[in-house]
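**Q** final07.pdb is reproduced in full below (PDB, C-alpha atoms, pLDDT in the B column).
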```pdb
ATOM      1  CA  MET C   1      27.283 -45.233  -8.761  1.00 50.00           C
ATOM      2  CA  SER C   2      24.423 -44.613  -6.343  1.00 48.00           C
ATOM      3  CA  GLU C   3      26.166 -41.409  -5.212  1.00 50.00           C
ATOM      4  CA  LEU C   4      26.161 -40.112  -8.782  1.00 50.00           C
ATOM      5  CA  HIS C   5      22.483 -40.974  -9.109  1.00 49.00           C
ATOM      6  CA  THR C   6      21.686 -39.167  -5.844  1.00 47.00           C
ATOM      7  CA  ASP C   7      23.455 -35.969  -6.992  1.00 46.00           C
ATOM      8  CA  HIS C   8      21.645 -36.083 -10.324  1.00 47.00           C
ATOM      9  CA  ALA C   9      18.268 -36.498  -8.639  1.00 46.00           C
ATOM     10  CA  HIS C  10      19.027 -33.661  -6.216  1.00 46.00           C
ATOM     11  CA  GLY C  11      19.978 -31.373  -9.100  1.00 44.00           C
ATOM     12  CA  GLU C  12      16.680 -32.061 -10.837  1.00 44.00           C
ATOM     13  CA  HIS C  13      14.759 -31.329  -7.648  1.00 43.00           C
ATOM     14  CA  ALA C  14      16.503 -27.988  -7.173  1.00 46.00           C
ATOM     15  CA  HIS C  15      15.843 -27.053 -10.793  1.00 46.00           C
ATOM     16  CA  GLY C  16      12.164 -27.942 -10.411  1.00 47.00           C
ATOM     17  CA  ASP C  17      11.859 -25.635  -7.416  1.00 48.00           C
ATOM     18  CA  HIS C  18      13.443 -22.741  -9.302  1.00 47.00           C
ATOM     19  CA  GLY C  19      11.204 -22.120 -12.254  1.00 53.00           C
ATOM     20  CA  GLY C  20       8.568 -24.777 -12.614  1.00 65.00           C
ATOM     21  CA  LEU C  21       5.815 -23.185 -14.638  1.00 75.00           C
ATOM     22  CA  GLY C  22       3.187 -25.751 -15.354  1.00 85.00           C
ATOM     23  CA  LYS C  23       0.796 -25.529 -18.257  1.00 89.00           C
ATOM     24  CA  LYS C  24      -1.977 -24.416 -15.911  1.00 91.00           C
ATOM     25  CA  LYS C  25       0.043 -21.433 -14.646  1.00 87.00           C
ATOM     26  CA  ILE C  26       1.151 -20.469 -18.161  1.00 87.00           C
ATOM     27  CA  TRP C  27      -2.460 -20.420 -19.355  1.00 92.00           C
ATOM     28  CA  GLN C  28      -3.519 -18.483 -16.262  1.00 92.00           C
ATOM     29  CA  VAL C  29      -0.899 -15.792 -16.944  1.00 90.00           C
ATOM     30  CA  PHE C  30      -1.871 -15.793 -20.633  1.00 93.00           C
ATOM     31  CA  PHE C  31      -5.530 -15.127 -19.819  1.00 96.00           C
ATOM     32  CA  ILE C  32      -4.602 -12.376 -17.345  1.00 94.00           C
ATOM     33  CA  LEU C  33      -2.484 -10.698 -20.039  1.00 95.00           C
ATOM     34  CA  LEU C  34      -5.289 -11.184 -22.555  1.00 96.00           C
ATOM     35  CA  ALA C  35      -7.834  -9.607 -20.197  1.00 96.00           C
ATOM     36  CA  LEU C  36      -5.585  -6.603 -19.591  1.00 96.00           C
ATOM     37  CA  THR C  37      -5.112  -6.175 -23.347  1.00 95.00           C
ATOM     38  CA  VAL C  38      -8.869  -6.399 -23.956  1.00 96.00           C
ATOM     39  CA  VAL C  39      -9.458  -3.710 -21.320  1.00 95.00           C
ATOM     40  CA  GLU C  40      -6.883  -1.497 -23.059  1.00 93.00           C
ATOM     41  CA  PHE C  41      -8.643  -1.983 -26.401  1.00 93.00           C
ATOM     42  CA  ILE C  42     -12.059  -1.219 -24.883  1.00 94.00           C
ATOM     43  CA  ILE C  43     -10.689   2.000 -23.416  1.00 92.00           C
ATOM     44  CA  ALA C  44      -8.963   2.984 -26.682  1.00 91.00           C
ATOM     45  CA  LEU C  45     -11.793   2.093 -29.051  1.00 93.00           C
ATOM     46  CA  TRP C  46     -14.886   2.827 -26.971  1.00 93.00           C
ATOM     47  CA  ALA C  47     -14.391   4.720 -23.691  1.00 92.00           C
ATOM     48  CA  ILE C  48     -12.194   7.580 -24.933  1.00 91.00           C
ATOM     49  CA  PRO C  49     -13.901   8.169 -28.328  1.00 92.00           C
ATOM     50  CA  ALA C  50     -17.370   8.025 -26.739  1.00 92.00           C
ATOM     51  CA  GLY C  51     -16.364  10.574 -24.108  1.00 91.00           C
ATOM     52  CA  HIS C  52     -16.688   8.221 -21.112  1.00 93.00           C
ATOM     53  CA  MET C  53     -13.038   8.855 -20.248  1.00 92.00           C
ATOM     54  CA  SER C  54     -10.757  11.777 -21.041  1.00 93.00           C
ATOM     55  CA  GLN C  55      -7.533  11.223 -22.951  1.00 91.00           C
ATOM     56  CA  HIS C  56      -5.545  12.436 -19.938  1.00 90.00           C
ATOM     57  CA  ILE C  57      -7.073   9.833 -17.620  1.00 92.00           C
ATOM     58  CA  GLY C  58      -6.803   7.239 -20.389  1.00 91.00           C
ATOM     59  CA  ASN C  59      -3.029   7.781 -20.571  1.00 89.00           C
ATOM     60  CA  TYR C  60      -2.636   7.048 -16.877  1.00 90.00           C
ATOM     61  CA  VAL C  61      -4.881   3.984 -17.115  1.00 93.00           C
ATOM     62  CA  TYR C  62      -2.781   2.725 -20.052  1.00 90.00           C
ATOM     63  CA  ILE C  63       0.390   3.190 -18.026  1.00 87.00           C
ATOM     64  CA  ILE C  64      -1.025   1.332 -15.027  1.00 92.00           C
ATOM     65  CA  LEU C  65      -2.324  -1.553 -17.161  1.00 94.00           C
ATOM     66  CA  THR C  66       0.993  -1.746 -19.009  1.00 90.00           C
ATOM     67  CA  LEU C  67       2.857  -1.920 -15.695  1.00 86.00           C
ATOM     68  CA  PHE C  68       0.671  -4.855 -14.637  1.00 90.00           C
ATOM     69  CA  LYS C  69       1.356  -6.572 -17.953  1.00 93.00           C
ATOM     70  CA  ALA C  70       5.086  -5.935 -17.582  1.00 87.00           C
ATOM     71  CA  TYR C  71       5.001  -7.435 -14.078  1.00 85.00           C
ATOM     72  CA  TYR C  72       3.406 -10.666 -15.306  1.00 88.00           C
ATOM     73  CA  ILE C  73       5.784 -10.987 -18.243  1.00 88.00           C
ATOM     74  CA  ILE C  74       8.870 -10.328 -16.133  1.00 83.00           C
ATOM     75  CA  ALA C  75       7.762 -12.381 -13.134  1.00 83.00           C
ATOM     76  CA  TYR C  76       6.586 -15.505 -14.929  1.00 84.00           C
ATOM     77  CA  PHE C  77       8.045 -15.684 -18.428  1.00 81.00           C
ATOM     78  CA  MET C  78      11.432 -14.255 -17.483  1.00 78.00           C
ATOM     79  CA  HIS C  79      11.316 -16.234 -14.201  1.00 75.00           C
ATOM     80  CA  LEU C  80      12.171 -13.225 -12.043  1.00 76.00           C
ATOM     81  CA  LYS C  81       9.609 -14.328  -9.485  1.00 75.00           C
ATOM     82  CA  TYR C  82      11.855 -17.269  -8.653  1.00 73.00           C
ATOM     83  CA  GLU C  83      15.103 -15.296  -8.299  1.00 76.00           C
ATOM     84  CA  LYS C  84      16.875 -14.027  -5.204  1.00 79.00           C
ATOM     85  CA  VAL C  85      15.921 -10.751  -3.548  1.00 80.00           C
ATOM     86  CA  GLY C  86      19.093  -8.894  -4.623  1.00 79.00           C
ATOM     87  CA  LEU C  87      18.437  -9.429  -8.321  1.00 78.00           C
ATOM     88  CA  ILE C  88      14.777  -8.519  -7.935  1.00 74.00           C
ATOM     89  CA  LEU C  89      15.710  -5.278  -6.152  1.00 79.00           C
ATOM     90  CA  SER C  90      18.283  -4.294  -8.762  1.00 80.00           C
ATOM     91  CA  VAL C  91      15.830  -4.848 -11.621  1.00 76.00           C
ATOM     92  CA  SER C  92      13.016  -3.131  -9.697  1.00 78.00           C
ATOM     93  CA  ILE C  93      15.071   0.011  -9.069  1.00 87.00           C
ATOM     94  CA  VAL C  94      15.814   0.344 -12.777  1.00 88.00           C
ATOM     95  CA  PHE C  95      12.127  -0.243 -13.522  1.00 82.00           C
ATOM     96  CA  LEU C  96      11.116   2.488 -11.059  1.00 89.00           C
ATOM     97  CA  PHE C  97      13.482   4.946 -12.770  1.00 92.00           C
ATOM     98  CA  ILE C  98      11.904   4.120 -16.128  1.00 90.00           C
ATOM     99  CA  VAL C  99       8.423   4.750 -14.706  1.00 86.00           C
ATOM    100  CA  TYR C 100       9.669   7.988 -13.150  1.00 91.00           C
ATOM    101  CA  PHE C 101      11.063   9.187 -16.483  1.00 91.00           C
ATOM    102  CA  ILE C 102       7.814   8.302 -18.275  1.00 87.00           C
ATOM    103  CA  VAL C 103       5.837  10.365 -15.768  1.00 86.00           C
ATOM    104  CA  LEU C 104       8.304  13.243 -16.133  1.00 88.00           C
ATOM    105  CA  MET C 105       7.966  13.140 -19.922  1.00 86.00           C
ATOM    106  CA  LEU C 106       4.171  13.236 -19.679  1.00 80.00           C
ATOM    107  CA  ILE C 107       4.308  16.197 -17.295  1.00 81.00           C
ATOM    108  CA  GLU C 108       6.876  18.066 -19.384  1.00 80.00           C
ATOM    109  CA  GLY C 109       4.947  17.361 -22.578  1.00 75.00           C
ATOM    110  CA  ASP C 110       1.829  18.931 -21.072  1.00 73.00           C
ATOM    111  CA  PHE C 111       3.855  21.878 -19.765  1.00 70.00           C
ATOM    112  CA  LEU C 112       5.433  22.656 -23.105  1.00 65.00           C
ATOM    113  CA  HIS C 113       2.136  22.258 -24.935  1.00 67.00           C
ATOM    114  CA  LEU C 114       0.349  24.653 -22.579  1.00 69.00           C
ATOM    115  CA  HIS C 115       3.026  27.321 -22.154  1.00 67.00           C
ATOM    116  CA  MET C 116       4.804  27.610 -25.494  1.00 67.00           C
ATOM    117  CA  PRO C 117       3.275  29.385 -28.469  1.00 66.00           C
ATOM    118  CA  LEU C 118       2.627  27.424 -31.616  1.00 66.00           C
ATOM    119  CA  VAL C 119       5.334  27.973 -34.198  1.00 56.00           C
TER     120      VAL C 119
END
```
How does this structure look as C-alpha cells?

**A**
Amino acid sequence: MSELHTDHAHGEHAHGDHGGLGKKKIWQVFFILLALTVVEFIIALWAIPAGHMSQHIGNYVYIILTLFKAYYIIAYFMHLKYEKVGLILSVSIVFLFIVYFIVLMLIEGDFLHLHMPLV
C-alpha cells in the first residue's frame, strides 16, 4: 500500500514541475498582454492619426507587438514553455514560416499597389 502511495505522490510531483502556473504568474502574463494591447491601441488611435508614426512603420510595430503577444499566449497558456525541445522546435519552425509569409504578403502588396495601374 505504501508503494502505491509513493507512486501517486511521485506522479503529482512530476505534474507540478510540468506546467505549474500560479496565480501570480497568470496575472503577470495578463498584465504584460494588457500593456502590449494598450500600446497597440495608442499607436492606432493616437500616433498614426496624429502623424507621429507612418502607417508603414505602424504595420511593422503591430507585427512585432503581435509576435510578443503570441509568444506569451503560446508559452504560458498553451504550456509550450514547459515542453521538450523537439516540440518547441517543430512549432517554432511553422511559426517562422507564417511570419515569413506575412512579410512576403506585405512586400507584395506594396509592390502591386505601386506598379500596377488602377483599374

**Q** Quick one: distance from CA of Tyr71 (chain C) to CA of Ile88 (chain C) in Å, one decimal?

**A**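 Separating CA of Tyr71 (chain C) from CA of Ile88 (chain C) is a distance of 11.6 Å.
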
**Q** So how many Å separate CA of Phe97 (chain C) and CA of His79 (chain C), to one decimal?

**A**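 If I compute the distance from CA of Phe97 (chain C) to CA of His79 (chain C), I get 21.3 Å.
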
**Q** Env of Ala47 (chain C): 12 Å cut, atoms = all atoms listed in the file, seq-sep filter 6 positions within chain, self excluded. Answer as a PyMOL selection string.

**A** chain C and resi 39-41+53-55+57-58+61

**Q** Which of these residues is nearest to Gln28 (chain C), using only C-alpha atoms: C:Tyr76, C:Phe95, C:Phe111, C:Tyr60?

**A** C:Tyr76

**Q** Given only C-alpha atoms as the basis, pick out the residue of C:Ala44, C:Leu80, C:Ala35, C:Leu67 nearest to Leu96 (chain C).

**A**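 For Leu96 (chain C), the nearest of the given residues is C:Leu67.
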
**Q** What gap, in Å, lies between CA of Phe68 (chain C) and CA of Pro49 (chain C)?

**A**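 That distance, rounded to one decimal, is 23.9 Å.
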
**Q** Translate the PyMOL selection byres ((chain C and resi 69) around 10) into a concrete residue list for this structure, as a list in words.

**A**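 Selection result, ordered by chain and number: Val29, Ile32, Leu33, Leu34, Ala35, Leu36, Thr37, Ile63, Ile64, Leu65, Thr66, Leu67, Phe68, Ala70, Tyr71, Tyr72, Ile73, Ile74 and Ala75 of chain C.
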
**Q** So, counting only C-alpha atoms, which residue among C:Val38, C:Ser90, C:Asn59, C:Leu21 is closest to Val103 (chain C)?

**A**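 Comparing C:Val38, C:Ser90, C:Asn59, C:Leu21 against Val103 (chain C), the winner is C:Asn59.
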
**Q** Would you mind telling me which residue in C:His56, C:Ile26, C:Phe77, C:Val91 lies nearest to Leu106 (chain C) when using all atoms listed in the file?

**A**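 So, comparing all the options, the nearest one is C:His56.
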
**Q** As a JSON list (two decimals), in the frame of the given file, please: region 18-46 of chain C completed to N, CA and C atoms.

**A**
```json
[["chain", "number", "residue", "atom", "x", "y", "z"],
["C", 18, "HIS", "N", 13.07, -24.07, -8.83],
["C", 18, "HIS", "CA", 13.44, -22.74, -9.30],
["C", 18, "HIS", "C", 12.42, -22.11, -10.23],
["C", 19, "GLY", "N", 12.03, -22.80, -11.26],
["C", 19, "GLY", "CA", 11.20, -22.12, -12.25],
["C", 19, "GLY", "C", 10.13, -22.99, -12.85],
["C", 20, "GLY", "N", 9.54, -23.87, -12.07],
["C", 20, "GLY", "CA", 8.57, -24.78, -12.61],
["C", 20, "GLY", "C", 7.26, -24.10, -12.94],
["C", 21, "LEU", "N", 7.09, -23.71, -14.19],
["C", 21, "LEU", "CA", 5.82, -23.18, -14.64],
["C", 21, "LEU", "C", 5.08, -24.31, -15.33],
["C", 22, "GLY", "N", 3.99, -24.72, -14.73],
["C", 22, "GLY", "CA", 3.19, -25.75, -15.35],
["C", 22, "GLY", "C", 2.29, -25.15, -16.42],
["C", 23, "LYS", "N", 1.69, -26.01, -17.20],
["C", 23, "LYS", "CA", 0.80, -25.53, -18.26],
["C", 23, "LYS", "C", -0.36, -24.72, -17.68],
["C", 24, "LYS", "N", -0.85, -25.13, -16.53],
["C", 24, "LYS", "CA", -1.98, -24.42, -15.91],
["C", 24, "LYS", "C", -1.58, -22.98, -15.58],
["C", 25, "LYS", "N", -0.41, -22.78, -15.02],
["C", 25, "LYS", "CA", 0.04, -21.43, -14.65],
["C", 25, "LYS", "C", 0.32, -20.60, -15.89],
["C", 26, "ILE", "N", 0.89, -21.20, -16.92],
["C", 26, "ILE", "CA", 1.15, -20.47, -18.16],
["C", 26, "ILE", "C", -0.15, -19.98, -18.77],
["C", 27, "TRP", "N", -1.17, -20.84, -18.81],
["C", 27, "TRP", "CA", -2.46, -20.42, -19.36],
["C", 27, "TRP", "C", -3.13, -19.37, -18.48],
["C", 28, "GLN", "N", -2.95, -19.49, -17.17],
["C", 28, "GLN", "CA", -3.52, -18.48, -16.26],
["C", 28, "GLN", "C", -2.90, -17.11, -16.53],
["C", 29, "VAL", "N", -1.58, -17.06, -16.66],
["C", 29, "VAL", "CA", -0.90, -15.79, -16.94],
["C", 29, "VAL", "C", -1.31, -15.29, -18.33],
["C", 30, "PHE", "N", -1.44, -16.18, -19.30],
["C", 30, "PHE", "CA", -1.87, -15.79, -20.63],
["C", 30, "PHE", "C", -3.23, -15.12, -20.59],
["C", 31, "PHE", "N", -4.19, -15.70, -19.87],
["C", 31, "PHE", "CA", -5.53, -15.13, -19.82],
["C", 31, "PHE", "C", -5.56, -13.81, -19.03],
["C", 32, "ILE", "N", -4.71, -13.66, -18.04],
["C", 32, "ILE", "CA", -4.60, -12.38, -17.34],
["C", 32, "ILE", "C", -4.08, -11.31, -18.30],
["C", 33, "LEU", "N", -3.02, -11.65, -19.06],
["C", 33, "LEU", "CA", -2.48, -10.70, -20.04],
["C", 33, "LEU", "C", -3.50, -10.38, -21.13],
["C", 34, "LEU", "N", -4.25, -11.39, -21.55],
["C", 34, "LEU", "CA", -5.29, -11.18, -22.56],
["C", 34, "LEU", "C", -6.38, -10.25, -22.03],
["C", 35, "ALA", "N", -6.80, -10.46, -20.79],
["C", 35, "ALA", "CA", -7.83, -9.61, -20.20],
["C", 35, "ALA", "C", -7.35, -8.16, -20.09],
["C", 36, "LEU", "N", -6.12, -7.96, -19.68],
["C", 36, "LEU", "CA", -5.58, -6.60, -19.59],
["C", 36, "LEU", "C", -5.54, -5.94, -20.97],
["C", 37, "THR", "N", -5.16, -6.71, -21.99],
["C", 37, "THR", "CA", -5.11, -6.18, -23.35],
["C", 37, "THR", "C", -6.51, -5.84, -23.85],
["C", 38, "VAL", "N", -7.49, -6.67, -23.55],
["C", 38, "VAL", "CA", -8.87, -6.40, -23.96],
["C", 38, "VAL", "C", -9.37, -5.12, -23.29],
["C", 39, "VAL", "N", -9.06, -4.94, -22.02],
["C", 39, "VAL", "CA", -9.46, -3.71, -21.32],
["C", 39, "VAL", "C", -8.81, -2.50, -21.98],
["C", 40, "GLU", "N", -7.55, -2.61, -22.36],
["C", 40, "GLU", "CA", -6.88, -1.50, -23.06],
["C", 40, "GLU", "C", -7.58, -1.18, -24.39],
["C", 41, "PHE", "N", -7.95, -2.21, -25.14],
["C", 41, "PHE", "CA", -8.64, -1.98, -26.40],
["C", 41, "PHE", "C", -10.02, -1.36, -26.19],
["C", 42, "ILE", "N", -10.74, -1.80, -25.17],
["C", 42, "ILE", "CA", -12.06, -1.22, -24.88],
["C", 42, "ILE", "C", -11.92, 0.26, -24.55],
["C", 43, "ILE", "N", -10.92, 0.59, -23.76],
["C", 43, "ILE", "CA", -10.69, 2.00, -23.42],
["C", 43, "ILE", "C", -10.33, 2.80, -24.67],
["C", 44, "ALA", "N", -9.43, 2.25, -25.50],
["C", 44, "ALA", "CA", -8.96, 2.98, -26.68],
["C", 44, "ALA", "C", -10.04, 3.11, -27.76],
["C", 45, "LEU", "N", -10.85, 2.09, -27.94],
["C", 45, "LEU", "CA", -11.79, 2.09, -29.05],
["C", 45, "LEU", "C", -13.21, 2.49, -28.67],
["C", 46, "TRP", "N", -13.52, 2.51, -27.37],
["C", 46, "TRP", "CA", -14.89, 2.83, -26.97],
["C", 46, "TRP", "C", -14.95, 3.94, -25.93]]
```
